[in-house]
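Have a look at work.txt; it's compact mmCIF, C-alpha atoms and all ligand atoms:
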```
# COMPACT_ATOMS: atom_id res chain seq x y z
CA MET A 8 6.12 -18.94 -10.06
CA GLU A 9 3.08 -17.55 -8.34
CA LEU A 10 -0.04 -16.77 -10.32
CA ARG A 11 -2.23 -13.89 -9.21
CA ASN A 12 -5.11 -11.94 -10.62
CA CYS A 13 -4.18 -8.48 -11.78
CA LYS A 14 -5.64 -5.81 -9.48
CA LYS A 15 -6.59 -3.71 -12.44
CA CYS A 16 -7.79 -5.94 -15.25
CA GLY A 17 -8.35 -9.15 -13.29
CA ARG A 18 -6.37 -11.41 -15.61
CA ALA A 19 -4.03 -14.03 -14.14
CA PHE A 20 -0.35 -13.18 -14.40
CA ALA A 21 3.01 -14.26 -12.98
CA TYR A 22 3.39 -12.33 -9.74
CA LYS A 23 6.73 -10.58 -9.25
CA GLY A 24 6.03 -8.28 -6.33
CA ILE A 25 3.76 -5.88 -8.25
CA PRO A 26 -0.01 -6.36 -7.88
CA VAL A 27 -0.75 -5.65 -11.56
CA CYS A 28 0.13 -7.49 -14.78
CA LEU A 29 2.83 -6.23 -17.12
CA ARG A 30 0.38 -4.74 -19.59
CA CYS A 31 -1.40 -2.78 -16.86
CA LYS A 32 1.91 -1.71 -15.43
CA ASN A 33 2.94 -0.30 -18.79
CA ASP A 34 -0.44 1.44 -19.11
CA ASP A 35 0.12 2.83 -15.66
CA GLU A 36 3.55 4.15 -16.62
CA ASP A 37 2.05 5.79 -19.72
CA GLU A 38 -0.67 7.39 -17.65
CA PHE A 39 1.80 8.54 -15.05
CA MET A 40 3.90 10.15 -17.79
CA LYS A 41 0.81 11.98 -19.03
CA VAL A 42 0.09 13.25 -15.53
CA LYS A 43 3.70 14.26 -14.99
CA ASP A 44 3.95 16.03 -18.35
CA TYR A 45 0.71 17.86 -17.70
CA LEU A 46 1.96 18.96 -14.29
CA TYR A 47 5.23 20.22 -15.76
CA ASP A 48 3.26 22.60 -17.94
CA ASN A 49 0.48 23.26 -15.47
CA THR A 50 2.02 23.22 -12.02
CA GLY A 51 -0.70 23.91 -9.50
CA ALA A 52 -3.50 22.20 -11.40
CA THR A 53 -6.05 20.42 -9.23
CA ILE A 54 -6.53 16.67 -9.27
CA ARG A 55 -9.81 17.15 -11.11
CA GLU A 56 -8.19 19.33 -13.79
CA VAL A 57 -5.38 16.85 -14.26
CA SER A 58 -7.89 14.03 -14.52
CA ASP A 59 -10.05 15.93 -17.05
CA GLU A 60 -7.09 16.93 -19.18
CA THR A 61 -5.18 13.65 -19.18
CA GLY A 62 -8.10 11.22 -18.99
CA VAL A 63 -6.41 9.52 -16.03
CA ASP A 64 -8.76 8.49 -13.24
CA GLU A 65 -8.76 10.75 -10.15
CA LYS A 66 -8.27 7.71 -7.94
CA GLN A 67 -5.18 6.84 -9.88
CA ILE A 68 -3.77 10.33 -9.41
CA LEU A 69 -4.40 9.94 -5.70
CA ARG A 70 -2.47 6.71 -5.83
CA TYR A 71 0.49 8.47 -7.42
CA LEU A 72 0.38 10.91 -4.52
CA LYS A 73 0.36 8.08 -2.00
CA GLU A 74 3.27 6.48 -3.78
CA SER A 75 5.14 9.80 -3.45
CA ARG A 76 5.55 10.05 -7.21
CA ILE A 77 3.94 13.49 -7.31
CA GLU A 78 3.08 15.84 -4.47
CA ILE A 79 0.53 18.44 -3.50
CA ILE A 80 1.67 22.06 -3.30
CA GLU A 81 -0.26 23.21 -0.22
CA GLU A 82 0.63 21.88 3.23
CA GLY A 83 -2.92 22.07 4.54
CA ASN A 84 -4.74 20.30 1.74
CA PHE A 85 -7.48 17.89 2.66
CA VAL A 86 -6.70 15.46 -0.08
CA LEU A 87 -4.13 13.22 1.51
CA GLU A 88 -4.03 12.27 5.16
CA CYS A 89 -1.51 10.35 7.19
CA GLU A 90 -2.96 6.86 7.52
CA ARG A 91 -1.85 6.74 11.13
CA CYS A 92 -2.63 10.14 12.70
CA GLY A 93 -4.77 11.84 10.05
CA LYS A 94 -2.45 14.82 9.55
CA SER A 95 -2.64 16.49 6.14
CA LEU A 96 0.07 15.29 3.77
CA ARG A 97 1.54 16.46 0.50
CA SER A 98 2.60 13.02 -0.65
CA GLY A 99 3.12 9.51 0.65
CA ARG A 100 1.05 7.57 3.17
CA PHE A 101 2.42 8.68 6.54
CA CYS A 102 3.70 11.95 7.99
CA ASP A 103 7.33 12.34 9.11
CA VAL A 104 6.40 12.03 12.80
CA CYS A 105 4.59 8.75 12.25
CA VAL A 106 7.33 7.40 10.02
CA SER A 107 9.91 7.95 12.77
CA ASP A 108 7.48 6.65 15.44
CA MET A 109 6.83 3.54 13.44
CA SER A 110 10.48 2.85 12.80
CA LYS A 111 10.93 3.06 16.58
CA GLU A 112 8.06 0.64 17.08
CA PHE A 113 9.45 -1.81 14.59
CA SER A 114 12.94 -1.70 16.02
CA SER A 115 11.76 -2.39 19.59
CA ALA A 116 12.99 -5.67 20.97
CA ILE A 117 10.25 -8.23 21.47
CA LYS A 118 10.01 -11.56 23.27
CA PRO A 119 7.34 -14.21 23.62
CA LYS A 120 5.00 -14.07 26.62
CA ILE A 121 5.96 -17.04 28.75
CA ASN A 122 2.51 -17.16 30.38
CA ASN A 123 0.81 -17.67 27.06
CA ILE A 124 2.98 -20.61 26.22
CA LYS A 125 2.23 -22.33 29.55
CA GLU A 126 -1.50 -21.77 29.27
CA LYS A 127 -1.96 -23.66 26.08
CA PRO A 128 -5.15 -25.67 26.57
CA LYS A 129 -4.37 -29.32 27.19
CA VAL A 130 -7.28 -30.54 25.14
CA LYS A 131 -5.77 -29.10 22.03
CA GLU A 132 -2.47 -30.79 22.72
CA LYS A 133 -4.20 -34.15 22.98
CA MET A 134 -6.05 -33.54 19.78
CA TYR A 135 -2.81 -32.75 18.06
CA ILE A 136 -1.15 -35.94 19.26
CA SER A 137 -4.01 -38.22 18.30
CA ASP A 138 -4.14 -36.46 14.98
CA LYS A 139 -0.52 -37.27 14.40
CA LEU A 140 -1.03 -40.92 15.31
CA LYS A 141 -3.92 -41.32 12.95
CA ARG A 142 -1.89 -40.07 10.04
CA LYS A 143 0.91 -42.59 10.64
ZN ZN B 1 -3.78 -6.19 -15.79
ZN ZN B 2 1.02 10.84 11.08
```
For the structure just supplied, provide its representation as structure tokens.
Amino acid sequence: MELRNCKKCGRAFAYKGIPVCLRCKNDDEDEFMKVKDYLYDNTGATIREVSDETGVDEKQILRYLKESRIEIIEEGNFVLECERCGKSLRSGRFCDVCVSDMSKEFSSAIKPKINNIKEKPKVKEKMYISDKLKRK
């Protein structure tokens, strides 16, 4: 079990792949429901309006957008930008072009640079060996 401090309230909790504790996660779900409900009735509301009406922080609404849980109506908004190329986005963190570019990048075959391995400074190697001996 890994203990971490909750990103929201700062309390220590058992980390299970989510950066916030269970209580904050539930709060977050509640707040997201409020935002979603409000948007059902008021499609086209601005982030500020949603924040004013629901009491949910604007930053949090932005986060929902980045997590692709809600999206912006206009294509050319200046609210969300692709984190890679800066193109205007409606939801998520990257545009379609960058997503496909990145998947190409990540699927490229890689190999170690042989030169780098050879050029390891000898001094360090010696230090490592003597270090090992000392510990024995
Ligand atoms: Zn918390
Ligand atoms: Zn992009």
- Item | Expected answer as a list in words: residues within 9 Å of ligand ZN 1 (chain B), all atoms listed in the file |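 Taking all atoms listed in the file into account, the residues around ligand ZN 1 (chain B) at most 9 Å away are Asn12, Cys13, Lys14, Lys15, Cys16, Gly17, Arg18, Ala19, Phe20, Pro26, Val27, Cys28, Leu29, Arg30, Cys31, Lys32 and Asp34 of chain A.
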- Could you check which of A:Gln67, A:Thr53, A:Ser75, A:Ser95 is closest to ligand ZN 2 (chain B), using only C-alpha atoms and all ligand atoms?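 Result for the nearest residue to ligand ZN 2 (chain B): A:Ser95.
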- Item | Within 10 Å of ligand ZN 2 (chain B), counting all atoms listed in the file, residues as a PyMOL selection string | chain A and resi 88-96+100-109
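As for CA of Glu38 in chain A and CA of Leu10 in chain A, they are spaced 25.3 Å apart.
Atom pair CA of Phe85 in chain A / CA of Arg55 in chain A has a distance of 14.0 Å (rounded to one decimal).
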- Task: Measuring atom to atom with only C-alpha atoms, identify which of A:Val63, A:Ala52, A:Lys23, A:Ile80 is nearest to Asp37 in chain A.
- Result: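 Result for the nearest residue to Asp37 in chain A: A:Val63.
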- In Å, rounded to a single decimal, give me how far CA of Glu74 in chain A is from CA of Tyr45 in chain A.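 Computing the Euclidean distance for CA of Tyr45 in chain A and CA of Glu74 in chain A yields 18.2 Å.
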- Message: Please return as an MDAnalysis selection string every residue within 9 Å of (3.3, 11.8, -1.9), taking into account all atoms listed in the file and the file's own coordinates.
- Response: chainID A and resid 69:79 87 96:100
Got a minute to add N, CA and C atoms to range 13-39 of chain A and dump it as a PDB file, keeping the file's coordinate frame?
```pdb
ATOM      1  N   CYS A  13      -4.557  -9.877 -11.695  1.00  0.00           N
ATOM      2  CA  CYS A  13      -4.180  -8.480 -11.780  1.00  0.00           C
ATOM      3  C   CYS A  13      -5.213  -7.618 -11.062  1.00  0.00           C
ATOM      4  N   LYS A  14      -4.743  -6.678 -10.247  1.00  0.00           N
ATOM      5  CA  LYS A  14      -5.640  -5.810  -9.480  1.00  0.00           C
ATOM      6  C   LYS A  14      -6.436  -4.878 -10.375  1.00  0.00           C
ATOM      7  N   LYS A  15      -5.942  -4.674 -11.567  1.00  0.00           N
ATOM      8  CA  LYS A  15      -6.590  -3.710 -12.440  1.00  0.00           C
ATOM      9  C   LYS A  15      -7.514  -4.370 -13.463  1.00  0.00           C
ATOM     10  N   CYS A  16      -6.985  -5.344 -14.186  1.00  0.00           N
ATOM     11  CA  CYS A  16      -7.790  -5.940 -15.250  1.00  0.00           C
ATOM     12  C   CYS A  16      -8.326  -7.315 -14.866  1.00  0.00           C
ATOM     13  N   GLY A  17      -7.800  -7.884 -13.773  1.00  0.00           N
ATOM     14  CA  GLY A  17      -8.350  -9.150 -13.290  1.00  0.00           C
ATOM     15  C   GLY A  17      -7.783 -10.397 -13.949  1.00  0.00           C
ATOM     16  N   ARG A  18      -6.937 -10.241 -14.950  1.00  0.00           N
ATOM     17  CA  ARG A  18      -6.370 -11.410 -15.610  1.00  0.00           C
ATOM     18  C   ARG A  18      -5.276 -12.041 -14.747  1.00  0.00           C
ATOM     19  N   ALA A  19      -5.092 -13.357 -14.894  1.00  0.00           N
ATOM     20  CA  ALA A  19      -4.030 -14.030 -14.140  1.00  0.00           C
ATOM     21  C   ALA A  19      -2.689 -13.681 -14.766  1.00  0.00           C
ATOM     22  N   PHE A  20      -1.688 -13.495 -13.907  1.00  0.00           N
ATOM     23  CA  PHE A  20      -0.350 -13.180 -14.400  1.00  0.00           C
ATOM     24  C   PHE A  20       0.682 -13.703 -13.418  1.00  0.00           C
ATOM     25  N   ALA A  21       1.936 -13.789 -13.849  1.00  0.00           N
ATOM     26  CA  ALA A  21       3.010 -14.260 -12.980  1.00  0.00           C
ATOM     27  C   ALA A  21       3.415 -13.139 -12.032  1.00  0.00           C
ATOM     28  N   TYR A  22       3.150 -13.364 -10.742  1.00  0.00           N
ATOM     29  CA  TYR A  22       3.390 -12.330  -9.740  1.00  0.00           C
ATOM     30  C   TYR A  22       4.869 -12.142  -9.448  1.00  0.00           C
ATOM     31  N   LYS A  23       5.317 -10.862  -9.547  1.00  0.00           N
ATOM     32  CA  LYS A  23       6.730 -10.580  -9.250  1.00  0.00           C
ATOM     33  C   LYS A  23       6.840  -9.394  -8.300  1.00  0.00           C
ATOM     34  N   GLY A  24       5.952  -9.346  -7.319  1.00  0.00           N
ATOM     35  CA  GLY A  24       6.030  -8.280  -6.330  1.00  0.00           C
ATOM     36  C   GLY A  24       5.212  -7.041  -6.672  1.00  0.00           C
ATOM     37  N   ILE A  25       4.616  -7.001  -7.857  1.00  0.00           N
ATOM     38  CA  ILE A  25       3.760  -5.880  -8.250  1.00  0.00           C
ATOM     39  C   ILE A  25       2.342  -6.428  -8.432  1.00  0.00           C
ATOM     40  N   PRO A  26       1.332  -5.778  -7.853  1.00  0.00           N
ATOM     41  CA  PRO A  26      -0.010  -6.360  -7.880  1.00  0.00           C
ATOM     42  C   PRO A  26      -0.744  -6.237  -9.221  1.00  0.00           C
ATOM     43  N   VAL A  27      -0.098  -5.735 -10.250  1.00  0.00           N
ATOM     44  CA  VAL A  27      -0.750  -5.650 -11.560  1.00  0.00           C
ATOM     45  C   VAL A  27       0.076  -6.380 -12.617  1.00  0.00           C
ATOM     46  N   CYS A  28      -0.569  -6.789 -13.713  1.00  0.00           N
ATOM     47  CA  CYS A  28       0.130  -7.490 -14.780  1.00  0.00           C
ATOM     48  C   CYS A  28       1.005  -6.514 -15.565  1.00  0.00           C
ATOM     49  N   LEU A  29       1.873  -7.060 -16.398  1.00  0.00           N
ATOM     50  CA  LEU A  29       2.830  -6.230 -17.120  1.00  0.00           C
ATOM     51  C   LEU A  29       2.137  -5.206 -18.015  1.00  0.00           C
ATOM     52  N   ARG A  30       1.061  -5.654 -18.680  1.00  0.00           N
ATOM     53  CA  ARG A  30       0.380  -4.740 -19.590  1.00  0.00           C
ATOM     54  C   ARG A  30      -0.204  -3.549 -18.820  1.00  0.00           C
ATOM     55  N   CYS A  31      -0.821  -3.854 -17.671  1.00  0.00           N
ATOM     56  CA  CYS A  31      -1.400  -2.780 -16.860  1.00  0.00           C
ATOM     57  C   CYS A  31      -0.314  -1.890 -16.286  1.00  0.00           C
ATOM     58  N   LYS A  32       0.814  -2.489 -15.977  1.00  0.00           N
ATOM     59  CA  LYS A  32       1.910  -1.710 -15.430  1.00  0.00           C
ATOM     60  C   LYS A  32       2.408  -0.723 -16.476  1.00  0.00           C
ATOM     61  N   ASN A  33       2.514  -1.194 -17.714  1.00  0.00           N
ATOM     62  CA  ASN A  33       2.940  -0.300 -18.790  1.00  0.00           C
ATOM     63  C   ASN A  33       1.916   0.810 -19.026  1.00  0.00           C
ATOM     64  N   ASP A  34       0.630   0.434 -18.997  1.00  0.00           N
ATOM     65  CA  ASP A  34      -0.440   1.440 -19.110  1.00  0.00           C
ATOM     66  C   ASP A  34      -0.277   2.480 -18.023  1.00  0.00           C
ATOM     67  N   ASP A  35      -0.015   1.968 -16.826  1.00  0.00           N
ATOM     68  CA  ASP A  35       0.120   2.830 -15.660  1.00  0.00           C
ATOM     69  C   ASP A  35       1.279   3.794 -15.837  1.00  0.00           C
ATOM     70  N   GLU A  36       2.391   3.289 -16.368  1.00  0.00           N
ATOM     71  CA  GLU A  36       3.550   4.150 -16.620  1.00  0.00           C
ATOM     72  C   GLU A  36       3.187   5.239 -17.626  1.00  0.00           C
ATOM     73  N   ASP A  37       2.474   4.819 -18.702  1.00  0.00           N
ATOM     74  CA  ASP A  37       2.050   5.790 -19.720  1.00  0.00           C
ATOM     75  C   ASP A  37       1.199   6.880 -19.092  1.00  0.00           C
ATOM     76  N   GLU A  38       0.243   6.429 -18.260  1.00  0.00           N
ATOM     77  CA  GLU A  38      -0.670   7.390 -17.650  1.00  0.00           C
ATOM     78  C   GLU A  38       0.071   8.304 -16.675  1.00  0.00           C
ATOM     79  N   PHE A  39       1.028   7.712 -15.975  1.00  0.00           N
ATOM     80  CA  PHE A  39       1.800   8.540 -15.050  1.00  0.00           C
ATOM     81  C   PHE A  39       2.596   9.593 -15.811  1.00  0.00           C
TER      82      PHE A  39
END
```
